[in-house]
>>> print(open('structure36.csv').read())   # CSV, C-alpha atoms
chain,number,residue,atom,x,y,z
A,1,MET,CA,51.2,83.8,23.1
A,2,ARG,CA,47.6,83.9,21.8
A,3,ARG,CA,48.7,81.8,18.8
A,4,GLY,CA,50.1,79.0,21.0
A,5,LEU,CA,47.0,79.0,23.2
A,6,LEU,CA,44.8,78.6,20.1
A,7,LEU,CA,46.9,75.8,18.8
A,8,GLY,CA,46.7,73.9,22.1
A,9,VAL,CA,43.0,74.2,22.3
A,10,SER,CA,42.6,73.0,18.7
A,11,LEU,CA,44.7,69.9,19.4
A,12,ALA,CA,42.7,69.1,22.5
A,13,LEU,CA,39.5,69.3,20.6
A,14,VAL,CA,40.8,67.0,17.8
A,15,LEU,CA,41.9,64.4,20.4
A,16,ILE,CA,38.5,64.5,22.2
A,17,ALA,CA,36.6,64.1,18.9
A,18,GLY,CA,38.8,61.2,17.8
A,19,TRP,CA,38.3,59.4,21.1
A,20,GLN,CA,34.5,59.8,20.8
A,21,LEU,CA,34.5,58.6,17.3
A,22,ARG,CA,36.4,55.4,18.2
A,23,ILE,CA,33.9,54.8,21.0
A,24,ARG,CA,31.0,55.2,18.6
A,25,LEU,CA,32.5,52.9,16.0
A,26,GLY,CA,33.3,50.1,18.6
A,27,GLY,CA,37.0,50.3,18.1
A,28,HIS,CA,39.7,48.3,20.0
A,29,ASP,CA,39.5,50.8,22.8
A,30,ALA,CA,35.8,50.1,23.3
A,31,PRO,CA,35.0,48.2,26.5
A,32,ALA,CA,34.7,44.4,26.1
A,33,GLU,CA,31.2,44.6,27.7
A,34,ALA,CA,29.9,46.7,24.8
A,35,ARG,CA,31.0,44.1,22.3
A,36,SER,CA,29.6,41.2,24.2
A,37,LYS,CA,26.1,42.7,24.3
A,38,ARG,CA,25.3,41.8,20.7
A,39,PRO,CA,21.8,40.1,20.4
A,40,ALA,CA,21.8,36.3,20.2
A,41,LEU,CA,20.7,34.6,17.0
A,42,THR,CA,17.9,32.0,17.1
A,43,VAL,CA,19.1,29.0,15.1
A,44,VAL,CA,17.4,25.7,14.2
A,45,THR,CA,19.4,22.8,15.6
A,46,GLY,CA,19.5,19.0,15.6
A,47,ARG,CA,21.5,16.2,17.1
A,48,ALA,CA,24.3,14.3,15.5
A,49,GLN,CA,22.8,10.8,15.7
A,50,ILE,CA,24.4,7.4,15.9
A,51,ARG,CA,22.3,4.8,14.1
A,52,SER,CA,22.4,2.1,11.5
A,53,MET,CA,22.5,3.4,7.9
A,54,PRO,CA,22.1,1.4,4.7
A,55,VAL,CA,24.9,1.5,2.2
A,56,GLN,CA,22.8,2.3,-1.0
A,57,ILE,CA,23.1,3.1,-4.6
A,58,HIS,CA,20.3,5.2,-6.1
A,59,ALA,CA,19.1,4.8,-9.7
A,60,VAL,CA,16.0,5.2,-11.9
A,61,GLY,CA,14.6,2.0,-13.3
A,62,GLN,CA,11.8,0.7,-15.6
A,63,VAL,CA,9.5,-2.1,-14.8
A,64,GLU,CA,9.4,-5.0,-17.3
A,65,SER,CA,7.7,-8.3,-17.4
A,66,GLU,CA,9.8,-11.3,-16.7
A,67,HIS,CA,7.9,-13.2,-19.4
A,68,SER,CA,6.1,-11.5,-22.2
A,69,VAL,CA,4.4,-13.6,-24.9
A,70,ALA,CA,2.9,-12.3,-28.2
A,71,VAL,CA,0.2,-14.9,-29.0
A,72,ARG,CA,-0.1,-15.5,-32.8
A,73,PRO,CA,-1.9,-18.2,-34.8
A,74,GLN,CA,0.2,-21.1,-36.1
A,75,VAL,CA,-2.6,-22.2,-38.6
A,76,SER,CA,-4.9,-20.1,-40.7
A,77,GLY,CA,-8.6,-20.3,-40.3
A,78,VAL,CA,-11.7,-18.6,-39.0
A,79,LEU,CA,-11.5,-17.5,-35.4
A,80,THR,CA,-14.7,-19.0,-33.8
A,81,ARG,CA,-14.2,-18.1,-30.1
A,82,VAL,CA,-12.4,-15.8,-27.8
A,83,ALA,CA,-12.5,-17.5,-24.4
A,84,PHE,CA,-11.3,-14.8,-22.0
A,85,ALA,CA,-11.9,-11.1,-21.3
A,86,GLU,CA,-9.2,-8.8,-22.5
A,87,GLY,CA,-7.3,-7.2,-19.7
A,88,SER,CA,-8.0,-10.1,-17.4
A,89,ASP,CA,-5.6,-12.5,-15.6
A,90,VAL,CA,-5.1,-15.9,-17.3
A,91,LYS,CA,-3.6,-19.1,-16.0
A,92,ALA,CA,-1.0,-21.2,-17.7
A,93,GLY,CA,-2.8,-23.7,-20.0
A,94,GLN,CA,-6.1,-21.7,-20.0
A,95,LEU,CA,-8.0,-21.7,-23.3
A,96,LEU,CA,-7.7,-18.3,-25.1
A,97,PHE,CA,-8.9,-18.8,-28.7
A,98,GLN,CA,-10.5,-21.4,-30.9
A,99,ILE,CA,-10.0,-21.6,-34.6
A,100,ASP,CA,-12.5,-23.6,-36.7
A,101,PRO,CA,-11.1,-27.2,-36.4
A,102,ALA,CA,-13.3,-28.8,-39.2
A,103,PRO,CA,-10.8,-28.6,-42.1
A,104,PHE,CA,-8.0,-29.9,-39.8
A,105,ARG,CA,-10.1,-32.8,-38.6
A,106,ALA,CA,-10.7,-33.7,-42.2
A,107,ALA,CA,-7.0,-33.7,-42.8
A,108,VAL,CA,-6.5,-36.1,-39.8
A,109,ALA,CA,-9.2,-38.5,-41.2
A,110,GLN,CA,-7.6,-38.3,-44.7
A,111,ALA,CA,-4.2,-39.3,-43.2
A,112,ARG,CA,-5.7,-42.2,-41.3
A,113,ALA,CA,-7.3,-43.4,-44.5
A,114,ALA,CA,-4.0,-43.3,-46.4
A,115,ILE,CA,-2.5,-45.4,-43.7
A,116,ALA,CA,-5.2,-48.0,-44.0
A,117,ARG,CA,-4.8,-48.0,-47.8
A,118,ASP,CA,-1.1,-48.5,-47.7
A,119,ARG,CA,-1.3,-51.2,-45.0
A,120,ALA,CA,-3.4,-53.2,-47.5
A,121,SER,CA,-0.8,-52.6,-50.2
A,122,LEU,CA,1.9,-53.8,-47.8
A,123,SER,CA,-0.1,-56.9,-46.9
A,124,ASN,CA,-0.4,-57.8,-50.6
A,125,ALA,CA,3.3,-57.0,-51.3
A,126,ARG,CA,4.4,-59.2,-48.4
A,127,TRP,CA,2.2,-62.1,-49.6
A,128,GLN,CA,3.8,-61.8,-53.1
A,129,VAL,CA,7.3,-62.0,-51.6
A,130,GLN,CA,6.3,-65.1,-49.5
A,131,ARG,CA,4.8,-66.8,-52.6
A,132,LEU,CA,7.7,-66.1,-54.9
A,133,ALA,CA,10.4,-67.1,-52.4
A,134,PRO,CA,10.2,-70.9,-52.9
A,135,LEU,CA,9.5,-70.6,-56.6
A,136,VAL,CA,12.7,-68.7,-57.4
A,137,LYS,CA,14.7,-71.5,-55.8
A,138,LEU,CA,13.0,-73.9,-58.3
A,139,ASP,CA,13.7,-71.6,-61.2
A,140,TYR,CA,9.9,-71.2,-61.7
A,141,VAL,CA,10.3,-67.4,-61.6
A,142,THR,CA,13.2,-65.3,-62.4
A,143,PRO,CA,15.3,-63.6,-59.7
A,144,GLN,CA,14.3,-60.3,-61.2
A,145,GLU,CA,10.6,-61.0,-60.4
A,146,TYR,CA,11.4,-61.9,-56.9
A,147,GLU,CA,13.6,-58.8,-56.3
A,148,SER,CA,10.8,-56.7,-57.8
A,149,ALA,CA,8.3,-58.1,-55.3
A,150,LYS,CA,10.7,-57.4,-52.4
A,151,THR,CA,11.0,-53.8,-53.7
A,152,THR,CA,7.3,-53.3,-53.8
A,153,GLU,CA,7.0,-54.6,-50.2
A,154,ALA,CA,9.7,-52.1,-49.1
A,155,GLN,CA,7.9,-49.2,-50.9
A,156,ALA,CA,4.6,-50.1,-49.2
A,157,ARG,CA,6.3,-50.2,-45.8
A,158,ALA,CA,7.9,-46.7,-46.5
A,159,ALA,CA,4.5,-45.4,-47.7
A,160,ILE,CA,3.0,-46.4,-44.3
A,161,GLU,CA,5.8,-44.5,-42.4
A,162,ALA,CA,5.1,-41.4,-44.6
A,163,ASP,CA,1.4,-41.7,-43.9
A,164,LYS,CA,2.1,-41.9,-40.1
A,165,ALA,CA,4.2,-38.8,-40.3
A,166,GLN,CA,1.4,-37.1,-42.3
A,167,LEU,CA,-1.1,-38.1,-39.7
A,168,GLU,CA,1.1,-36.7,-36.9
A,169,GLN,CA,1.4,-33.5,-38.8
A,170,ALA,CA,-2.4,-33.3,-39.3
A,171,LYS,CA,-2.9,-33.9,-35.5
A,172,ILE,CA,-0.4,-31.1,-34.7
A,173,GLN,CA,-2.2,-28.7,-37.1
A,174,LEU,CA,-5.5,-29.7,-35.5
A,175,GLY,CA,-4.0,-29.0,-32.0
A,176,TYR,CA,-3.0,-25.5,-33.2
A,177,THR,CA,-6.6,-24.6,-33.7
A,178,THR,CA,-7.0,-24.6,-29.9
A,179,ILE,CA,-4.8,-21.8,-28.5
A,180,ARG,CA,-4.0,-21.9,-24.8
A,181,SER,CA,-2.0,-19.5,-22.6
A,182,PRO,CA,1.7,-20.6,-22.3
A,183,ILE,CA,2.2,-18.6,-19.1
A,184,ALA,CA,0.2,-17.2,-16.2
A,185,GLY,CA,-0.1,-13.5,-16.6
A,186,ARG,CA,-2.3,-10.6,-17.6
A,187,ALA,CA,-3.8,-10.3,-21.0
A,188,GLY,CA,-3.7,-7.1,-23.0
A,189,ALA,CA,-6.1,-5.9,-25.7
A,190,VAL,CA,-7.5,-8.5,-28.1
A,191,SER,CA,-6.5,-7.6,-31.7
A,192,VAL,CA,-8.9,-10.0,-33.6
A,193,LYS,CA,-12.5,-10.7,-32.7
A,194,ALA,CA,-14.4,-13.9,-33.2
A,195,GLY,CA,-15.6,-14.4,-36.8
A,196,ASN,CA,-12.5,-13.0,-38.4
A,197,LEU,CA,-10.0,-14.9,-40.5
A,198,VAL,CA,-6.6,-15.2,-39.0
A,199,ASP,CA,-3.6,-15.8,-41.2
A,200,ALA,CA,-0.6,-17.8,-39.9
A,201,SER,CA,1.6,-16.6,-42.8
A,202,ALA,CA,1.0,-13.0,-41.8
A,203,ALA,CA,1.7,-13.7,-38.2
A,204,THR,CA,-1.5,-12.0,-37.0
A,205,LEU,CA,-1.1,-10.8,-33.4
A,206,LEU,CA,-4.0,-12.0,-31.3
A,207,VAL,CA,-3.0,-10.8,-27.8
A,208,THR,CA,0.0,-10.0,-25.7
A,209,LEU,CA,0.4,-11.7,-22.3
A,210,ASN,CA,2.7,-10.2,-19.6
A,211,GLN,CA,3.7,-11.9,-16.4
A,212,ILE,CA,3.0,-9.5,-13.6
A,213,SER,CA,4.0,-11.6,-10.5
A,214,PRO,CA,6.9,-11.8,-10.1
A,215,ILE,CA,8.1,-8.9,-12.1
A,216,LEU,CA,11.5,-7.3,-13.0
A,217,VAL,CA,12.9,-3.8,-12.7
A,218,ARG,CA,15.7,-2.9,-15.1
A,219,PHE,CA,18.1,-0.1,-14.1
A,220,SER,CA,21.7,1.0,-14.7
A,221,VAL,CA,24.6,2.1,-12.4
A,222,PRO,CA,27.8,3.9,-13.3
A,223,GLN,CA,30.7,1.6,-14.3
A,224,SER,CA,32.6,3.1,-11.3
A,225,GLN,CA,30.2,1.3,-8.9
A,226,LEU,CA,30.3,-2.0,-10.7
A,227,ASP,CA,33.1,-3.5,-8.6
A,228,THR,CA,31.3,-2.4,-5.4
A,229,VAL,CA,28.1,-4.1,-6.5
A,230,ARG,CA,29.9,-7.3,-7.5
A,231,ARG,CA,31.8,-7.4,-4.3
A,232,TYR,CA,28.7,-7.2,-2.2
A,233,ALA,CA,26.9,-9.7,-4.5
A,234,LYS,CA,29.5,-12.3,-3.6
A,235,ARG,CA,28.6,-12.0,0.1
A,236,GLY,CA,24.9,-12.8,-0.4
A,237,PRO,CA,21.7,-11.6,-1.9
A,238,ILE,CA,21.4,-7.9,-2.4
A,239,THR,CA,18.1,-6.3,-1.4
A,240,VAL,CA,16.5,-3.8,-3.7
A,241,ARG,CA,13.8,-1.4,-2.7
A,242,LEU,CA,11.6,1.0,-4.7
A,243,ALA,CA,10.5,4.5,-3.8
A,244,GLY,CA,8.5,7.1,-5.7
A,245,ALA,CA,4.9,7.5,-6.7
A,246,HIS,CA,3.5,4.6,-4.7
A,247,ALA,CA,0.9,4.9,-2.0
A,248,GLU,CA,2.6,2.0,-0.2
A,249,ALA,CA,6.2,0.9,-1.0
A,250,PRO,CA,6.2,-2.5,-2.8
A,251,GLU,CA,7.7,-5.5,-1.2
A,252,PRO,CA,11.5,-5.5,-1.3
A,253,GLY,CA,13.1,-7.4,-4.2
A,254,ARG,CA,16.5,-8.9,-4.9
A,255,LEU,CA,19.2,-8.3,-7.4
A,256,VAL,CA,19.1,-11.2,-10.0
A,257,PHE,CA,21.1,-10.0,-12.9
A,258,ILE,CA,24.3,-8.0,-13.7
A,259,ASP,CA,25.0,-7.5,-17.4
A,260,ASN,CA,28.3,-8.7,-18.8
A,261,THR,CA,28.9,-5.6,-20.8
A,262,VAL,CA,29.3,-1.9,-20.0
A,263,ASP,CA,27.4,0.4,-22.4
A,264,PRO,CA,30.2,2.4,-24.0
A,265,SER,CA,27.8,5.2,-24.9
A,266,THR,CA,26.7,5.9,-21.4
A,267,GLY,CA,29.4,4.3,-19.2
A,268,THR,CA,26.8,2.3,-17.3
A,269,VAL,CA,26.0,-1.3,-16.7
A,270,ALA,CA,22.5,-2.8,-16.7
A,271,LEU,CA,21.1,-4.6,-13.7
A,272,LYS,CA,17.8,-6.3,-12.9
A,273,ALA,CA,15.9,-6.9,-9.7
A,274,GLU,CA,13.0,-9.3,-9.2
A,275,PHE,CA,10.0,-8.3,-7.1
A,276,PRO,CA,7.2,-10.6,-5.9
A,277,ASN,CA,4.6,-7.9,-6.8
A,278,ARG,CA,1.8,-9.9,-5.1
A,279,LEU,CA,-0.3,-6.8,-4.7
A,280,ARG,CA,0.2,-5.8,-8.4
A,281,GLN,CA,1.7,-2.4,-7.5
A,282,LEU,CA,4.2,-2.6,-10.3
A,283,TRP,CA,3.2,-2.5,-14.0
A,284,PRO,CA,5.3,-3.1,-17.1
A,285,GLY,CA,6.7,0.1,-18.6
A,286,GLN,CA,6.4,2.0,-15.3
A,287,TYR,CA,9.3,4.1,-14.1
A,288,ALA,CA,10.5,3.7,-10.5
A,289,ALA,CA,13.2,5.0,-8.2
A,290,VAL,CA,15.5,2.2,-7.2
A,291,ASP,CA,17.5,1.9,-3.9
A,292,LEU,CA,20.1,-0.8,-4.2
A,293,GLN,CA,20.9,-1.7,-0.6
A,294,LEU,CA,24.4,-3.2,-0.5
A,295,ALA,CA,24.9,-3.5,3.3
A,296,VAL,CA,24.0,-1.8,6.6
A,297,GLN,CA,26.5,0.4,8.3
A,298,ARG,CA,26.2,0.0,12.1
A,299,GLY,CA,26.9,2.9,14.4
A,300,ALA,CA,27.1,5.5,11.7
A,301,ILE,CA,27.2,9.2,12.7
A,302,VAL,CA,24.4,11.1,10.9
A,303,VAL,CA,23.6,14.7,10.6
A,304,PRO,CA,21.0,16.4,8.3
A,305,GLU,CA,22.4,17.2,4.9
A,306,THR,CA,21.5,20.9,5.4
A,307,ALA,CA,23.9,21.2,8.4
A,308,VAL,CA,27.0,20.6,6.2
A,309,GLN,CA,28.6,23.7,4.9
A,310,PRO,CA,31.4,24.0,2.3
A,311,GLY,CA,34.7,25.5,3.5
A,312,GLN,CA,38.0,26.4,2.0
A,313,THR,CA,39.7,23.4,3.7
A,314,GLY,CA,36.7,21.1,3.4
A,315,PRO,CA,33.1,20.7,4.8
A,316,PHE,CA,32.2,21.7,8.3
A,317,VAL,CA,29.2,22.1,10.6
A,318,TYR,CA,28.4,24.7,13.3
A,319,VAL,CA,28.3,23.1,16.7
A,320,VAL,CA,26.5,24.8,19.5
A,321,LYS,CA,28.6,24.9,22.7
A,322,LYS,CA,27.6,26.9,25.8
A,323,GLY,CA,25.4,29.2,23.9
A,324,ARG,CA,27.8,30.0,21.1
A,325,VAL,CA,28.6,28.4,17.8
A,326,ALA,CA,31.9,26.9,16.9
A,327,VAL,CA,33.1,25.7,13.5
A,328,GLN,CA,33.8,21.9,13.4
A,329,PRO,CA,35.5,20.5,10.3
A,330,ILE,CA,34.1,17.1,9.3
A,331,GLN,CA,34.6,14.4,6.7
A,332,VAL,CA,31.5,13.3,4.8
A,333,THR,CA,31.6,9.7,3.5
A,334,ARG,CA,28.3,9.8,1.6
A,335,GLN,CA,25.0,11.5,1.4
A,336,GLN,CA,21.6,9.7,1.1
A,337,ASN,CA,18.0,10.5,1.6
A,338,GLY,CA,18.7,14.0,3.0
A,339,ASP,CA,21.3,12.8,5.5
A,340,ALA,CA,25.0,13.1,5.6
A,341,ILE,CA,27.1,10.2,7.0
A,342,VAL,CA,30.1,11.7,8.9
A,343,GLY,CA,33.3,9.7,8.8
A,344,ASP,CA,35.4,12.0,11.0
A,345,GLY,CA,35.0,15.1,13.1
A,346,LEU,CA,31.9,14.2,15.2
A,347,SER,CA,31.4,11.5,17.9
A,348,GLY,CA,27.6,11.7,18.1
A,349,GLY,CA,25.3,13.6,20.3
A,350,GLU,CA,26.6,17.1,19.4
A,351,THR,CA,24.1,19.9,18.8
A,352,VAL,CA,24.6,21.2,15.2
A,353,VAL,CA,22.9,24.0,13.4
A,354,VAL,CA,20.7,22.5,10.6
A,355,GLN,CA,19.4,25.7,9.1
A,356,VAL,CA,22.3,28.1,8.8
A,357,PRO,CA,21.6,31.8,8.7
A,358,ARG,CA,23.7,33.9,6.3
A,359,ASN,CA,25.1,36.1,9.1
A,360,LEU,CA,26.1,33.2,11.4
A,361,ARG,CA,29.8,33.4,12.3
A,362,GLU,CA,32.0,31.4,14.7
A,363,GLY,CA,31.8,32.6,18.3
A,364,LEU,CA,28.4,34.3,18.0
A,365,PRO,CA,25.9,33.8,20.8
A,366,VAL,CA,22.9,31.8,19.7
A,367,VAL,CA,19.6,30.5,21.0
A,368,ALA,CA,19.2,26.9,19.9
A,369,MET,CA,15.7,25.9,18.6
A,370,PRO,CA,15.3,22.2,17.9
A,371,ALA,CA,13.9,21.4,14.4
A,372,SER,CA,10.8,19.9,16.1
A,373,GLY,CA,10.1,23.1,18.0
A,374,GLY,CA,10.9,24.4,21.4
A,375,ALA,CA,14.2,26.0,22.7
A,376,GLN,CA,17.2,23.8,23.3
>>> encode(input="structure36.csv", output="structure tokens")
Amino acid sequence: MRRGLLLGVSLALVLIAGWQLRIRLGGHDAPAEARSKRPALTVVTGRAQIRSMPVQIHAVGQVESEHSVAVRPQVSGVLTRVAFAEGSDVKAGQLLFQIDPAPFRAAVAQARAAIARDRASLSNARWQVQRLAPLVKLDYVTPQEYESAKTTEAQARAAIEADKAQLEQAKIQLGYTTIRSPIAGRAGAVSVKAGNLVDASAATLLVTLNQISPILVRFSVPQSQLDTVRRYAKRGPITVRLAGAHAEAPEPGRLVFIDNTVDPSTGTVALKAEFPNRLRQLWPGQYAAVDLQLAVQRGAIVVPETAVQPGQTGPFVYVVKKGRVAVQPIQVTRQQNGDAIVGDGLSGGETVVVQVPRNLREGLPVVAMPASGGAQ
């Protein structure tokens, strides 16, 4: 009898302890009110916006001059004058260098004297032919003498033509002593100072000129994007913008060149964009971030890139509804400049969590705090 009583009491104690433990651990028998009293998380939120978004390709490019000229002497001589300041802007046709012209002027004078000499010889040869012409008909002179006179006349005429060519060459050489800028651009460092001898045979570099305005930016895109670029290029000019280390973004440029070959070592194709560069913000050799703007997508649904979370079945965002978060699967078409363009899953205007805490789960109560500050 006592044994049965003890067994009953022990069983009752075990049941009571088990019930209390389940209450403590929040088991299924715990009241729903206790589970609903979990504290709400404060989350930073933003709106899914509807706005126009550019369709862009990003690349890194290098600025290069559209025209670059290495100025070298075409005749040898003493450099007597440097007519510009190195590093300055020069105009097309502006005087840059002067080589001593005296030896070349003498060559021009010598060529002119040769012409005068040979013209006198031609005049005498022509007179001989005219004198012998009637005499050969009367057999007073032999035909050989007459033909010899005609040959002398022809040689004198040819000598004059050679002298004219020599004179023209001498004038050209004289012209080369005055070196003018072939383009409008900016001069680099002067390699040879006045008073030094310049050698045409050694191709002495005098200065390098670079056109600064307009200017080119060369960049490459993957071959997988080549068809897209070509398709949009057929529709009209493609705008190219630059970003990066510029106090103020340079004026937009336009795509002017698509290479006809894909580089097999990199799988990319070279492109060039031309920029007005009126403010001289771009400099040859400089690197710049390139945004190739192919088109503008109207009515795009945009969320911050940080709001998109990876899932087993695809990306999703946390949407705040009635003080709780819900998982909303989405389809991301592309990402650019910190934004994600959503192709499906959102209609615009939804409140999404843009800074996702690690302990955030679907169904949890939250307090929405807009990214700009203040509760939402």
>>> atom_distance(input="structure36.csv", atom1="CA of Gly93 (chain A)", atom2="CA of Thr208 (chain A)")
15.1 Å
>>> atom_distance(input="structure36.csv", atom1="CA of Lys234 (chain A)", atom2="CA of Ala289 (chain A)")
24.2 Å
>>> atom_distance(input="structure36.csv", atom1="CA of Gln223 (chain A)", atom2="CA of Thr261 (chain A)")
9.9 Å
>>> closest_residue(input="structure36.csv", among="A:Leu242, A:Lys150, A:Arg117, A:Gly311", to="Ala133 (chain A)", atoms="all atoms listed in the file")
A:Lys150
>>> closest_atom_pairs(input="structure36.csv", of="region 32-142 of chain A", to="region 346-353 of chain A", cutoff="10 Å", atoms="all atoms listed in the file", output="CSV")
residue,atom,partner,partner_atom,distance
A:Val43,CA,A:Val353,CA,6.5
A:Val44,CA,A:Val353,CA,5.8
A:Thr45,CA,A:Val353,CA,4.3
A:Gly46,CA,A:Val352,CA,5.6
A:Arg47,CA,A:Thr351,CA,4.8
A:Ala48,CA,A:Gly348,CA,4.9
A:Gln49,CA,A:Gly348,CA,5.4
A:Ile50,CA,A:Gly348,CA,5.8
A:Arg51,CA,A:Gly348,CA,9.6
>>> residues_around(input="structure36.csv", residues="Ala85 (chain A)", least_positions_apart="3", cutoff="10 Å", atoms="only C-alpha atoms", output="PyMOL selection string")
chain A and resi 82+88-90+96+187-190
>>> closest_residue(input="structure36.csv", among="A:Arg72, A:Val356, A:Ala371, A:Asp344", to="Ile179 (chain A)", atoms="all atoms listed in the file")
A:Arg72
>>> closest_residue(input="structure36.csv", among="A:Val71, A:Ala340, A:Ala184, A:Leu138", to="Gln94 (chain A)", atoms="all atoms listed in the file")
A:Ala184
>>> closest_residue(input="structure36.csv", among="A:Ala270, A:Ala295, A:Leu364, A:Val108", to="Arg324 (chain A)", atoms="only C-alpha atoms")
A:Leu364
>>> closest_residue(input="structure36.csv", among="A:Val319, A:Val325, A:Ala102, A:Ala83", to="Thr177 (chain A)", atoms="all atoms listed in the file")
A:Ala102
>>> closest_residue(input="structure36.csv", among="A:Pro73, A:Gly338, A:Gly363, A:Gly61", to="Ser191 (chain A)", atoms="only C-alpha atoms")
A:Pro73
>>> residues_around(input="structure36.csv", residues="Pro143 (chain A)", least_positions_apart="5", cutoff="12 Å", atoms="all atoms listed in the file", output="PyMOL selection string")
chain A and resi 129+132-138+148-150
>>> residues_around(input="structure36.csv", residues="region 263-268 of chain A", least_positions_apart="5", cutoff="7 Å", atoms="all atoms listed in the file", output="PDB file with C-alpha atoms, in the coordinates of the input")
ATOM      1  CA  SER A 220      21.700   1.000 -14.700  1.00  0.00           C
ATOM      2  CA  VAL A 221      24.600   2.100 -12.400  1.00  0.00           C
ATOM      3  CA  PRO A 222      27.800   3.900 -13.300  1.00  0.00           C
ATOM      4  CA  GLN A 223      30.700   1.600 -14.300  1.00  0.00           C
TER       5      GLN A 223
END
>>> residues_around(input="structure36.csv", residues="Gln173 (chain A)", least_positions_apart="5", cutoff="10 Å", atoms="all atoms listed in the file", output="count of residues only")
12
>>> residues_around(input="structure36.csv", residues="Ala154 (chain A)", least_positions_apart="4", cutoff="9 Å", atoms="all atoms listed in the file", output="ChimeraX atom specification")
/A:122,125-126,149-150,158-159
>>> decode(input="structure36.csv", residues="region 167-184 of chain A", atoms="N, CA and C atoms", output="mmCIF file, in the first residue's frame")
data_model
loop_
_atom_site.group_PDB
_atom_site.id
_atom_site.type_symbol
_atom_site.label_atom_id
_atom_site.label_comp_id
_atom_site.auth_asym_id
_atom_site.auth_seq_id
_atom_site.Cartn_x
_atom_site.Cartn_y
_atom_site.Cartn_z
ATOM 1 N N LEU A 167 66.113 73.594 -108.540
ATOM 2 C CA LEU A 167 65.674 74.812 -107.871
ATOM 3 C C LEU A 167 64.487 74.530 -106.949
ATOM 4 N N GLU A 168 63.553 73.726 -107.438
ATOM 5 C CA GLU A 168 62.388 73.392 -106.614
ATOM 6 C C GLU A 168 62.817 72.643 -105.357
ATOM 7 N N GLN A 169 63.764 71.703 -105.520
ATOM 8 C CA GLN A 169 64.269 70.968 -104.375
ATOM 9 C C GLN A 169 64.972 71.905 -103.382
ATOM 10 N N ALA A 170 65.727 72.854 -103.896
ATOM 11 C CA ALA A 170 66.417 73.804 -103.026
ATOM 12 C C ALA A 170 65.417 74.671 -102.266
ATOM 13 N N LYS A 171 64.323 75.052 -102.937
ATOM 14 C CA LYS A 171 63.289 75.835 -102.260
ATOM 15 C C LYS A 171 62.617 75.022 -101.156
ATOM 16 N N ILE A 172 62.377 73.753 -101.449
ATOM 17 C CA ILE A 172 61.765 72.886 -100.435
ATOM 18 C C ILE A 172 62.675 72.768 -99.216
ATOM 19 N N GLN A 173 63.966 72.542 -99.475
ATOM 20 C CA GLN A 173 64.917 72.436 -98.378
ATOM 21 C C GLN A 173 64.973 73.730 -97.571
ATOM 22 N N LEU A 174 64.899 74.854 -98.256
ATOM 23 C CA LEU A 174 64.885 76.141 -97.566
ATOM 24 C C LEU A 174 63.622 76.269 -96.720
ATOM 25 N N GLY A 175 62.511 75.819 -97.258
ATOM 26 C CA GLY A 175 61.260 75.867 -96.494
ATOM 27 C C GLY A 175 61.315 75.030 -95.232
ATOM 28 N N TYR A 176 62.053 73.921 -95.289
ATOM 29 C CA TYR A 176 62.167 73.051 -94.115
ATOM 30 C C TYR A 176 62.931 73.696 -92.967
ATOM 31 N N THR A 177 63.639 74.780 -93.244
ATOM 32 C CA THR A 177 64.358 75.448 -92.162
ATOM 33 C C THR A 177 63.399 76.189 -91.228
ATOM 34 N N THR A 178 62.197 76.472 -91.695
ATOM 35 C CA THR A 178 61.164 77.070 -90.854
ATOM 36 C C THR A 178 60.183 75.968 -90.486
ATOM 37 N N ILE A 179 60.139 75.603 -89.219
ATOM 38 C CA ILE A 179 59.304 74.492 -88.759
ATOM 39 C C ILE A 179 58.070 75.057 -88.077
ATOM 40 N N ARG A 180 56.902 74.738 -88.632
ATOM 41 C CA ARG A 180 55.634 75.222 -88.103
ATOM 42 C C ARG A 180 54.804 74.061 -87.561
ATOM 43 N N SER A 181 53.868 74.379 -86.684
ATOM 44 C CA SER A 181 53.038 73.353 -86.059
ATOM 45 C C SER A 181 52.030 72.800 -87.074
ATOM 46 N N PRO A 182 52.000 71.477 -87.269
ATOM 47 C CA PRO A 182 51.034 70.909 -88.213
ATOM 48 C C PRO A 182 49.631 70.808 -87.634
ATOM 49 N N ILE A 183 49.485 70.904 -86.302
ATOM 50 C CA ILE A 183 48.171 70.786 -85.662
ATOM 51 C C ILE A 183 48.050 71.825 -84.557
ATOM 52 N N ALA A 184 46.819 72.037 -84.112
ATOM 53 C CA ALA A 184 46.589 72.821 -82.904
ATOM 54 C C ALA A 184 46.611 71.862 -81.727
#
